[in-house]
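Student: I have a structure I would like to understand better, so I am pasting it below and will then ask my questions one at a time.
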Amino acid sequence: MTSPRSRISKAVIPAAGLGTRFLPATKATPKEMLPVVDQPAIQYVVEEATAAGLTDVLMITGRNKRPLEDHFDRNYELEDALRRKGDTERLSRVQASTTLATMHYVRQGDPKGLGHAILCAAPHVGDQPFAVLLGDDLIDPRDPLLTTMMEAQVEHGGSIIALMEVDPDRTHLYGCAAVEPVADGVLRVTGLVEKPDPAEAPSNLAIIGRYVLDPGVFEVLGKTPPGRGGELQLTDALQTMSTDSALGGPVYGVVFKGRRYDTGDRGDYLRAIVRLACERPDLGPEFQKWLRTYVAEEMPTIG
Ligand code: G1P
């Protein structure tokens with residue numbers, strides 16, 4: 001347990017998953033590097049962390065994830081080539097990812113679940129509260145969820161999870177929370193179940209991939225047995241923490257009502273690209289024009 005007022009500066013981003021839903025694209029490319037418009041998905045997540053004031057990012061990686069490190073590192077050859085061509089705009093976009101935050105990497109080794117990935121962060125994080133951002137969830141930059149969660153952590157202490165209402169027939173895809181109201185916009189989490197069968201879902205409030213955790217989570221994870229799918233589940237550790245403030249609880253929930261894209265899902269990945277492309281000042285006007293014509297002329301013939 002730490003003082004609720006400890007400053008949060010570290011973000012942990014688990015990125016060791018295999019990306020099987022995107023095979024064969026992810027056979028030799030990490031799923032986190034798939035482009036959303038012209039920027040890899042993972043860069044949006046790191047930008048979200050830094051926009052919330054986090055300056056130290058630890059990525060939990062694994063085999064075949066070297067491109068992640070390269071993306072956030074300098075590429076002098078490419079930079080020189082762009083400089084010689086006088087392409088200052090692309091040069092600054094190429095350099096942007098290298099100056100976002102201080103990047104650190106640790107390899108997970110065996111992929112034994114999200115809880116195990118978080119446990120790999122223990123030596124780096126130490127005894128301060130920290131944020132966790134799951135790479136599959138893109139939160140629209142105009143909806144600053146993480147900042148709200150960090151403020152809630154400063155005010156209430158304990159650990160904070162992001163929740164979102166989902167259709168009851170989708171609760172089996174998420175960790176689900178039982179809650180009771182505490183204060184404006186903040187709920188007390190009284191129970192959590194990882195990917196419940198529909199009859200066992202405590203509510204339709206699903207955990208989305210943002211957490212602000214008390215470092216007590218590491219000790220709890222160390223004692224948590226494998227759960228759903230035989231993996232060490234972060235949700236199970238949070239369930240334990242929700243029952244005992246000496247273990248890094250209480251656990252609070254902030255309900256997110258903004259724009260979120262699950263880029264781990266092919267349909268949502270496509271929707272994210274279309275929406276973000278439409279909103280881009282450089283691409284949007286032209287793309288929207290094409291999209292309108294496409295929908296008007298081609299859609300009636302589909303399905
Ligand atoms: C993980 C968590 C789950 C959470 C989800 C959010 O599951 O285990 O509790 O609801 O992220 O995206 P995953 O989607 O990695 O299977």
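Following the order of the structure tokens, chains are lettered A, B, ..., residues in each are numbered from 1, and ligands are numbered from 1.
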Quick one: DSSP helix (DSSP H, G or I) residues in stretch 58-232 of chain A, as a ChimeraX atom specification?

Tutor: /A:66-71,76-85,88-96,114-119,122-125,145-156,168-173,198-200,216-223,228-230

Student: Env of A:Pro250: 7 Å cut, atoms = only C-alpha atoms, seq-sep filter 6 positions within chain, self excluded. Answer as a VMD selection string.

Tutor: chain A and resid 158 to 159 241 to 244

Student: Return as a list of chain:residue names the residues of protein, DNA or RNA that approach ligand 1 to within 6 Å, with only C-alpha atoms and all ligand atoms taken into account.

Tutor: A:Tyr174, A:Gly175, A:Glu194, A:Ala206, A:Ile207, A:Ile208, A:Gly209, A:Thr235

Student: Quick one: everything within 10 Å of stretch 135-143 of chain A, counting only C-alpha atoms, minus sequence neighbours fewer than 3 positions away in the same chain. Send it as a short mmCIF file (atom, residue, chain, number, x, y, z; two decimals) with N, CA, C and O atoms, in the first residue's frame.

Tutor:
```
data_model
loop_
_atom_site.label_atom_id
_atom_site.label_comp_id
_atom_site.auth_asym_id
_atom_site.auth_seq_id
_atom_site.Cartn_x
_atom_site.Cartn_y
_atom_site.Cartn_z
N ILE A 13 2.43 -1.49 -20.67
CA ILE A 13 1.64 -1.87 -21.84
C ILE A 13 1.96 -3.32 -22.22
O ILE A 13 3.03 -3.60 -22.77
N PRO A 14 1.06 -4.25 -21.88
CA PRO A 14 1.30 -5.64 -22.28
C PRO A 14 1.17 -5.78 -23.80
O PRO A 14 0.20 -5.32 -24.38
N ALA A 15 2.18 -6.36 -24.42
CA ALA A 15 2.17 -6.47 -25.89
C ALA A 15 2.82 -7.79 -26.32
O ALA A 15 3.58 -7.83 -27.28
N ALA A 16 2.51 -8.85 -25.58
CA ALA A 16 3.15 -10.13 -25.91
C ALA A 16 2.21 -11.08 -26.65
O ALA A 16 2.62 -12.15 -27.08
N GLY A 17 0.96 -10.65 -26.84
CA GLY A 17 -0.04 -11.55 -27.45
C GLY A 17 0.32 -11.94 -28.87
O GLY A 17 1.03 -11.23 -29.58
N GLY A 19 -1.75 -12.39 -31.50
CA GLY A 19 -2.53 -11.77 -32.58
C GLY A 19 -3.15 -12.76 -33.53
O GLY A 19 -3.22 -12.51 -34.74
N LYS A 31 0.96 -7.78 -33.89
CA LYS A 31 -0.36 -7.19 -34.15
C LYS A 31 -0.39 -5.71 -33.76
O LYS A 31 -1.11 -4.91 -34.35
N GLU A 32 0.42 -5.34 -32.78
CA GLU A 32 0.46 -3.95 -32.32
C GLU A 32 0.99 -3.01 -33.38
O GLU A 32 0.81 -1.80 -33.30
N ALA A 41 -1.01 0.84 -34.41
CA ALA A 41 -1.98 0.92 -33.30
C ALA A 41 -1.28 1.24 -31.98
O ALA A 41 -1.77 2.06 -31.19
N ILE A 42 -0.12 0.65 -31.76
CA ILE A 42 0.55 0.82 -30.46
C ILE A 42 0.95 2.28 -30.22
O ILE A 42 0.99 2.72 -29.07
N GLN A 43 1.21 3.02 -31.28
CA GLN A 43 1.62 4.42 -31.06
C GLN A 43 0.48 5.26 -30.49
O GLN A 43 0.70 6.15 -29.67
N TYR A 44 -0.76 4.96 -30.90
CA TYR A 44 -1.90 5.68 -30.32
C TYR A 44 -1.95 5.42 -28.81
O TYR A 44 -2.28 6.32 -28.03
N VAL A 45 -1.64 4.19 -28.42
CA VAL A 45 -1.72 3.83 -27.00
C VAL A 45 -0.63 4.54 -26.20
O VAL A 45 -0.89 5.09 -25.12
N VAL A 46 0.59 4.58 -26.75
CA VAL A 46 1.68 5.29 -26.07
C VAL A 46 1.36 6.79 -26.01
O VAL A 46 1.58 7.44 -24.99
N GLU A 47 0.79 7.32 -27.09
CA GLU A 47 0.43 8.75 -27.09
C GLU A 47 -0.63 9.03 -26.02
O GLU A 47 -0.61 10.09 -25.38
N GLU A 48 -1.55 8.10 -25.85
CA GLU A 48 -2.58 8.28 -24.81
C GLU A 48 -1.93 8.35 -23.42
O GLU A 48 -2.29 9.19 -22.60
N ALA A 51 -0.12 11.65 -23.11
CA ALA A 51 -1.07 12.77 -22.99
C ALA A 51 -1.61 12.86 -21.57
O ALA A 51 -1.97 13.95 -21.11
N MET A 59 6.98 -1.76 -21.89
CA MET A 59 6.22 -2.70 -22.72
C MET A 59 6.60 -4.12 -22.38
O MET A 59 7.79 -4.44 -22.25
N VAL A 132 -2.00 0.77 -16.47
CA VAL A 132 -1.89 -0.33 -17.44
C VAL A 132 -2.79 0.01 -18.62
O VAL A 132 -3.96 0.38 -18.43
N LEU A 146 -7.97 8.08 -19.18
CA LEU A 146 -6.90 7.78 -18.23
C LEU A 146 -6.70 8.90 -17.21
O LEU A 146 -6.47 8.65 -16.03
N THR A 147 -6.81 10.14 -17.69
CA THR A 147 -6.68 11.28 -16.78
C THR A 147 -7.76 11.22 -15.70
O THR A 147 -7.48 11.42 -14.51
N THR A 148 -8.99 10.93 -16.10
CA THR A 148 -10.10 10.81 -15.14
C THR A 148 -9.79 9.71 -14.12
O THR A 148 -10.03 9.86 -12.92
N ILE A 208 -12.75 -2.49 -19.64
CA ILE A 208 -12.01 -2.21 -20.86
C ILE A 208 -10.55 -1.98 -20.47
O ILE A 208 -10.24 -1.82 -19.30
N GLY A 209 -9.69 -1.98 -21.45
CA GLY A 209 -8.27 -2.14 -21.14
C GLY A 209 -7.51 -0.96 -20.57
O GLY A 209 -6.42 -0.62 -21.02
N ARG A 210 -8.04 -0.34 -19.51
CA ARG A 210 -7.31 0.71 -18.81
C ARG A 210 -7.45 0.48 -17.31
O ARG A 210 -8.56 0.29 -16.80
N PHE A 256 -16.84 4.46 -18.66
CA PHE A 256 -16.44 5.21 -19.85
C PHE A 256 -17.61 5.25 -20.84
O PHE A 256 -18.18 4.22 -21.17
N LYS A 257 -17.91 6.47 -21.30
CA LYS A 257 -19.02 6.61 -22.25
C LYS A 257 -18.54 7.17 -23.59
O LYS A 257 -19.34 7.52 -24.45
N GLY A 258 -17.23 7.25 -23.74
CA GLY A 258 -16.68 7.86 -24.96
C GLY A 258 -16.45 6.84 -26.06
O GLY A 258 -17.00 5.75 -26.06
N ARG A 259 -15.58 7.24 -27.00
CA ARG A 259 -15.32 6.41 -28.17
C ARG A 259 -14.16 5.46 -27.93
O ARG A 259 -13.07 5.90 -27.57
N ARG A 260 -14.43 4.17 -28.09
CA ARG A 260 -13.40 3.14 -27.90
C ARG A 260 -13.44 2.20 -29.10
O ARG A 260 -14.52 1.85 -29.58
N TYR A 261 -12.29 1.81 -29.57
CA TYR A 261 -12.23 0.86 -30.68
C TYR A 261 -11.42 -0.34 -30.22
O TYR A 261 -10.35 -0.19 -29.65
N ASP A 262 -11.93 -1.53 -30.47
CA ASP A 262 -11.21 -2.75 -30.12
C ASP A 262 -10.46 -3.20 -31.37
O ASP A 262 -11.02 -3.90 -32.21
N THR A 263 -9.20 -2.80 -31.47
CA THR A 263 -8.46 -3.12 -32.69
C THR A 263 -8.02 -4.58 -32.72
O THR A 263 -7.40 -5.02 -33.69
N GLY A 264 -8.34 -5.34 -31.67
CA GLY A 264 -8.08 -6.77 -31.69
C GLY A 264 -9.18 -7.53 -32.43
O GLY A 264 -9.07 -8.72 -32.68
N ASP A 265 -10.26 -6.82 -32.77
CA ASP A 265 -11.39 -7.41 -33.47
C ASP A 265 -11.39 -6.85 -34.90
O ASP A 265 -11.31 -5.64 -35.08
N TYR A 269 -11.59 -3.00 -35.89
CA TYR A 269 -10.35 -2.46 -36.46
C TYR A 269 -10.67 -1.66 -37.73
O TYR A 269 -10.20 -0.53 -37.91
N ALA A 272 -12.46 1.53 -36.82
CA ALA A 272 -11.53 2.53 -36.27
C ALA A 272 -10.82 3.26 -37.40
O ALA A 272 -10.70 4.48 -37.39
N LEU A 276 -11.29 7.23 -37.99
CA LEU A 276 -10.14 8.12 -37.81
C LEU A 276 -9.71 8.75 -39.13
O LEU A 276 -9.30 9.91 -39.16
#
```

Student: List as a list in words the protein and nucleic acid residues near A:Cys176, meaning an atom at most 6 Å away when only C-alpha atoms are counted, but skip any in the same chain fewer than 6 places from it.

Tutor: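 Counting only C-alpha atoms, the residues come to Leu192, Val193, Leu205 and Ala206 of chain A.
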
Student: Just N, CA and C atoms for this one: save the residues we selected as a PDB file, in the first residue's frame.

Tutor:
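Output file selection_14.pdb follows:
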```pdb
ATOM      1  N   LEU A 192     -15.747  -9.277  -9.226  1.00  0.00           N
ATOM      2  CA  LEU A 192     -15.314  -9.326 -10.628  1.00  0.00           C
ATOM      3  C   LEU A 192     -15.261 -10.769 -11.098  1.00  0.00           C
ATOM      4  N   VAL A 193     -15.688 -10.996 -12.321  1.00  0.00           N
ATOM      5  CA  VAL A 193     -15.601 -12.344 -12.907  1.00  0.00           C
ATOM      6  C   VAL A 193     -14.992 -12.205 -14.299  1.00  0.00           C
ATOM      7  N   LEU A 205     -21.503  -4.422 -17.039  1.00  0.00           N
ATOM      8  CA  LEU A 205     -20.358  -3.498 -17.008  1.00  0.00           C
ATOM      9  C   LEU A 205     -19.072  -4.294 -17.250  1.00  0.00           C
ATOM     10  N   ALA A 206     -18.470  -4.048 -18.399  1.00  0.00           N
ATOM     11  CA  ALA A 206     -17.277  -4.800 -18.801  1.00  0.00           C
ATOM     12  C   ALA A 206     -16.018  -3.995 -18.524  1.00  0.00           C
TER      13      ALA A 206
END
```

Student: Do you have the atom CA of A:Val274-atom CA of A:Ala296 distance handy?

Tutor: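 Distance reported for this atom pair: 16.3 Å.
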
Student: Name all residues at most 7 Å from A:Ala131 (count only C-alpha atoms; drop same-chain ones fewer than 6 positions away) and give them as number ranges by chain.

Tutor: A: 10-12, 211-213

Student: Go ahead and dump the residues you just picked, N, CA and C atoms, as an mmCIF file, in the first residue's frame.

Tutor:
```cif
data_model
loop_
_atom_site.group_PDB
_atom_site.id
_atom_site.type_symbol
_atom_site.label_atom_id
_atom_site.label_comp_id
_atom_site.auth_asym_id
_atom_site.auth_seq_id
_atom_site.Cartn_x
_atom_site.Cartn_y
_atom_site.Cartn_z
ATOM 1 N N LYS A 10 4.385 5.981 -14.318
ATOM 2 C CA LYS A 10 4.728 4.815 -15.139
ATOM 3 C C LYS A 10 3.502 4.163 -15.770
ATOM 4 N N ALA A 11 3.677 3.797 -17.035
ATOM 5 C CA ALA A 11 2.636 3.066 -17.748
ATOM 6 C C ALA A 11 3.189 1.704 -18.147
ATOM 7 N N VAL A 12 2.370 0.690 -18.010
ATOM 8 C CA VAL A 12 2.749 -0.660 -18.427
ATOM 9 C C VAL A 12 1.823 -1.057 -19.579
ATOM 10 N N TYR A 211 -6.329 0.528 -16.614
ATOM 11 C CA TYR A 211 -6.300 0.276 -15.172
ATOM 12 C C TYR A 211 -5.323 1.261 -14.534
ATOM 13 N N VAL A 212 -5.616 1.704 -13.319
ATOM 14 C CA VAL A 212 -4.622 2.404 -12.497
ATOM 15 C C VAL A 212 -4.511 1.553 -11.237
ATOM 16 N N LEU A 213 -3.345 0.947 -11.041
ATOM 17 C CA LEU A 213 -3.240 -0.100 -10.026
ATOM 18 C C LEU A 213 -2.325 0.290 -8.875
#
```

Student: I need the residues in stretch 7-250 of chain A that are strand (DSSP E or B) according to DSSP; give them as a compact mmCIF listing (two decimals) with N, CA and C atoms, in the first residue's frame.

Tutor:
```
# COMPACT_ATOMS: atom_id res chain seq x y z
N LYS A 10 4.39 5.98 -14.32
CA LYS A 10 4.73 4.81 -15.14
C LYS A 10 3.50 4.16 -15.77
N ALA A 11 3.68 3.80 -17.03
CA ALA A 11 2.64 3.07 -17.75
C ALA A 11 3.19 1.70 -18.15
N VAL A 12 2.37 0.69 -18.01
CA VAL A 12 2.75 -0.66 -18.43
C VAL A 12 1.82 -1.06 -19.58
N ILE A 13 2.43 -1.49 -20.67
CA ILE A 13 1.64 -1.87 -21.84
C ILE A 13 1.96 -3.32 -22.22
N PRO A 14 1.06 -4.25 -21.88
CA PRO A 14 1.30 -5.64 -22.28
C PRO A 14 1.17 -5.78 -23.80
N PRO A 35 -1.25 -1.01 -39.00
CA PRO A 35 -1.53 0.42 -39.09
C PRO A 35 -2.99 0.76 -38.88
N VAL A 36 -3.23 1.83 -38.15
CA VAL A 36 -4.57 2.42 -38.08
C VAL A 36 -4.40 3.75 -38.80
N GLN A 39 -0.45 5.03 -38.89
CA GLN A 39 0.33 4.98 -37.65
C GLN A 39 0.04 3.63 -36.99
N PRO A 40 1.07 2.93 -36.49
CA PRO A 40 0.77 1.64 -35.85
C PRO A 40 -0.13 1.82 -34.62
N ASP A 56 7.11 7.39 -18.45
CA ASP A 56 7.92 6.18 -18.42
C ASP A 56 7.02 5.03 -18.86
N VAL A 57 7.37 4.41 -19.98
CA VAL A 57 6.52 3.34 -20.52
C VAL A 57 7.28 2.03 -20.54
N LEU A 58 6.71 1.02 -19.93
CA LEU A 58 7.29 -0.32 -19.97
C LEU A 58 6.40 -1.20 -20.83
N MET A 59 6.98 -1.76 -21.89
CA MET A 59 6.22 -2.70 -22.72
C MET A 59 6.60 -4.12 -22.38
N ILE A 60 5.58 -4.94 -22.19
CA ILE A 60 5.83 -6.36 -21.94
C ILE A 60 5.74 -7.05 -23.29
N THR A 61 6.88 -7.49 -23.79
CA THR A 61 6.90 -8.06 -25.14
C THR A 61 7.23 -9.54 -25.10
N THR A 102 10.14 7.78 -22.16
CA THR A 102 11.28 6.89 -21.96
C THR A 102 10.74 5.46 -22.05
N MET A 103 11.24 4.74 -23.04
CA MET A 103 10.69 3.40 -23.29
C MET A 103 11.55 2.32 -22.66
N HIS A 104 10.90 1.34 -22.07
CA HIS A 104 11.58 0.18 -21.50
C HIS A 104 10.87 -1.08 -21.99
N TYR A 105 11.61 -2.16 -22.03
CA TYR A 105 11.02 -3.41 -22.53
C TYR A 105 11.42 -4.56 -21.64
N VAL A 106 10.48 -5.46 -21.42
CA VAL A 106 10.82 -6.70 -20.73
C VAL A 106 10.09 -7.82 -21.46
N ARG A 107 10.74 -8.95 -21.58
CA ARG A 107 10.10 -10.07 -22.28
C ARG A 107 9.37 -10.97 -21.30
N PHE A 130 0.56 2.66 -10.68
CA PHE A 130 0.94 2.74 -12.10
C PHE A 130 -0.27 2.47 -12.98
N ALA A 131 -0.14 2.87 -14.24
CA ALA A 131 -1.25 2.66 -15.18
C ALA A 131 -0.95 1.45 -16.06
N VAL A 132 -2.00 0.77 -16.47
CA VAL A 132 -1.89 -0.33 -17.44
C VAL A 132 -2.79 0.01 -18.62
N LEU A 133 -2.23 -0.09 -19.81
CA LEU A 133 -3.02 0.18 -21.02
C LEU A 133 -2.92 -1.05 -21.91
N ASP A 137 -7.19 -1.95 -27.10
CA ASP A 137 -8.21 -0.93 -26.91
C ASP A 137 -7.65 0.43 -27.30
N LEU A 138 -8.27 1.05 -28.29
CA LEU A 138 -7.92 2.43 -28.63
C LEU A 138 -8.98 3.34 -28.06
N ILE A 139 -8.56 4.31 -27.26
CA ILE A 139 -9.49 5.28 -26.70
C ILE A 139 -9.30 6.58 -27.48
N SER A 159 -7.26 1.05 -6.26
CA SER A 159 -7.03 0.78 -7.68
C SER A 159 -8.28 1.14 -8.46
N ILE A 160 -8.08 1.57 -9.69
CA ILE A 160 -9.21 2.05 -10.51
C ILE A 160 -9.25 1.22 -11.80
N ILE A 161 -10.44 0.76 -12.18
CA ILE A 161 -10.56 0.09 -13.47
C ILE A 161 -11.56 0.85 -14.35
N ALA A 162 -11.38 0.74 -15.66
CA ALA A 162 -12.30 1.38 -16.59
C ALA A 162 -13.39 0.38 -16.96
N LEU A 163 -14.62 0.83 -16.89
CA LEU A 163 -15.76 -0.04 -17.20
C LEU A 163 -16.57 0.57 -18.33
N MET A 164 -17.24 -0.29 -19.06
CA MET A 164 -18.09 0.20 -20.14
C MET A 164 -19.31 -0.70 -20.25
N GLU A 165 -20.48 -0.10 -20.46
CA GLU A 165 -21.68 -0.92 -20.63
C GLU A 165 -21.61 -1.62 -21.97
N GLY A 175 -13.92 -9.13 -18.68
CA GLY A 175 -14.09 -9.22 -17.24
C GLY A 175 -15.31 -8.38 -16.89
N CYS A 176 -16.17 -8.87 -15.98
CA CYS A 176 -17.40 -8.14 -15.65
C CYS A 176 -17.45 -7.82 -14.16
N ALA A 177 -18.04 -6.65 -13.85
CA ALA A 177 -17.98 -6.15 -12.47
C ALA A 177 -19.35 -6.04 -11.81
N ALA A 178 -19.39 -6.37 -10.52
CA ALA A 178 -20.52 -6.02 -9.67
C ALA A 178 -20.11 -4.71 -8.98
N VAL A 179 -21.02 -3.74 -8.94
CA VAL A 179 -20.64 -2.41 -8.43
C VAL A 179 -21.71 -1.83 -7.53
N GLU A 180 -21.29 -0.84 -6.74
CA GLU A 180 -22.26 0.01 -6.04
C GLU A 180 -21.76 1.45 -6.11
N PRO A 181 -22.70 2.44 -6.13
CA PRO A 181 -22.28 3.83 -6.30
C PRO A 181 -21.49 4.37 -5.10
N VAL A 182 -20.52 5.26 -5.38
CA VAL A 182 -19.74 5.89 -4.30
C VAL A 182 -19.86 7.41 -4.39
N ALA A 183 -19.39 7.94 -5.51
CA ALA A 183 -19.38 9.39 -5.69
C ALA A 183 -19.64 9.66 -7.16
N VAL A 186 -17.93 7.67 -9.94
CA VAL A 186 -17.04 6.62 -9.44
C VAL A 186 -17.88 5.54 -8.74
N LEU A 187 -17.59 4.29 -9.07
CA LEU A 187 -18.33 3.16 -8.48
C LEU A 187 -17.37 2.33 -7.64
N ARG A 188 -17.90 1.71 -6.62
CA ARG A 188 -17.09 0.78 -5.85
C ARG A 188 -17.30 -0.61 -6.45
N VAL A 189 -16.22 -1.28 -6.78
CA VAL A 189 -16.33 -2.62 -7.36
C VAL A 189 -16.40 -3.63 -6.21
N THR A 190 -17.47 -4.41 -6.19
CA THR A 190 -17.65 -5.38 -5.10
C THR A 190 -17.38 -6.81 -5.55
N GLY A 191 -17.25 -7.02 -6.84
CA GLY A 191 -16.94 -8.36 -7.33
C GLY A 191 -16.57 -8.32 -8.80
N LEU A 192 -15.75 -9.28 -9.23
CA LEU A 192 -15.31 -9.33 -10.63
C LEU A 192 -15.26 -10.77 -11.10
N VAL A 193 -15.69 -11.00 -12.32
CA VAL A 193 -15.60 -12.34 -12.91
C VAL A 193 -14.99 -12.20 -14.30
N GLU A 194 -13.98 -13.01 -14.59
CA GLU A 194 -13.35 -12.97 -15.91
C GLU A 194 -14.16 -13.79 -16.90
N LEU A 205 -21.50 -4.42 -17.04
CA LEU A 205 -20.36 -3.50 -17.01
C LEU A 205 -19.07 -4.29 -17.25
N ALA A 206 -18.47 -4.05 -18.40
CA ALA A 206 -17.28 -4.80 -18.80
C ALA A 206 -16.02 -3.99 -18.52
N ILE A 207 -14.95 -4.70 -18.15
CA ILE A 207 -13.65 -4.04 -17.98
C ILE A 207 -13.10 -3.76 -19.37
N ILE A 208 -12.75 -2.49 -19.64
CA ILE A 208 -12.01 -2.21 -20.86
C ILE A 208 -10.55 -1.98 -20.47
N GLY A 209 -9.69 -1.98 -21.45
CA GLY A 209 -8.27 -2.14 -21.14
C GLY A 209 -7.51 -0.96 -20.57
N ARG A 210 -8.04 -0.34 -19.51
CA ARG A 210 -7.31 0.71 -18.81
C ARG A 210 -7.45 0.48 -17.31
N TYR A 211 -6.33 0.53 -16.61
CA TYR A 211 -6.30 0.28 -15.17
C TYR A 211 -5.32 1.26 -14.53
N VAL A 212 -5.62 1.70 -13.32
CA VAL A 212 -4.62 2.40 -12.50
C VAL A 212 -4.51 1.55 -11.24
N LEU A 213 -3.34 0.95 -11.04
CA LEU A 213 -3.24 -0.10 -10.03
C LEU A 213 -2.32 0.29 -8.88
```

Student: So how far away is atom CA of A:Glu231 from atom CA of A:Gln108, in Å?

Tutor: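 So the two atoms, atom CA of A:Gln108 and atom CA of A:Glu231, lie 13.4 Å apart.
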
Student: Choose the residue, out of A:Gly267, A:Asp169, A:Pro123, A:Lys112, that has the smallest atom-to-atom separation from A:Phe22; count only C-alpha atoms.

Tutor: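 Residue with the minimum atom-to-atom distance to A:Phe22: A:Gly267.
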
Student: For a test of reading the model, state the distance in Å between atom CA of A:Gln95 and atom CA of A:Pro285, rounded to one decimal.

Tutor: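 Distance reported for this atom pair: 26.5 Å.
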
Student: Using only C-alpha atoms, which of the listed residues (A:Gly185, A:Pro144, A:Gly113, A:Pro30) sits closest to A:Glu69?

Tutor: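 For A:Glu69, the nearest of the given residues is A:Pro30.
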
Student: With distances taken over only C-alpha atoms, which residue among A:Asn204, A:Asp214, A:Gly115, A:Arg84 lies nearest A:Val154?

Tutor: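 That would be A:Asp214, the residue with the smallest distance to A:Val154.
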
Student: Return the single residue from A:Thr224, A:Phe218, A:Thr171, A:Val94 that is closest to A:Ala199, with distances computed using only C-alpha atoms.

Tutor: A:Thr171
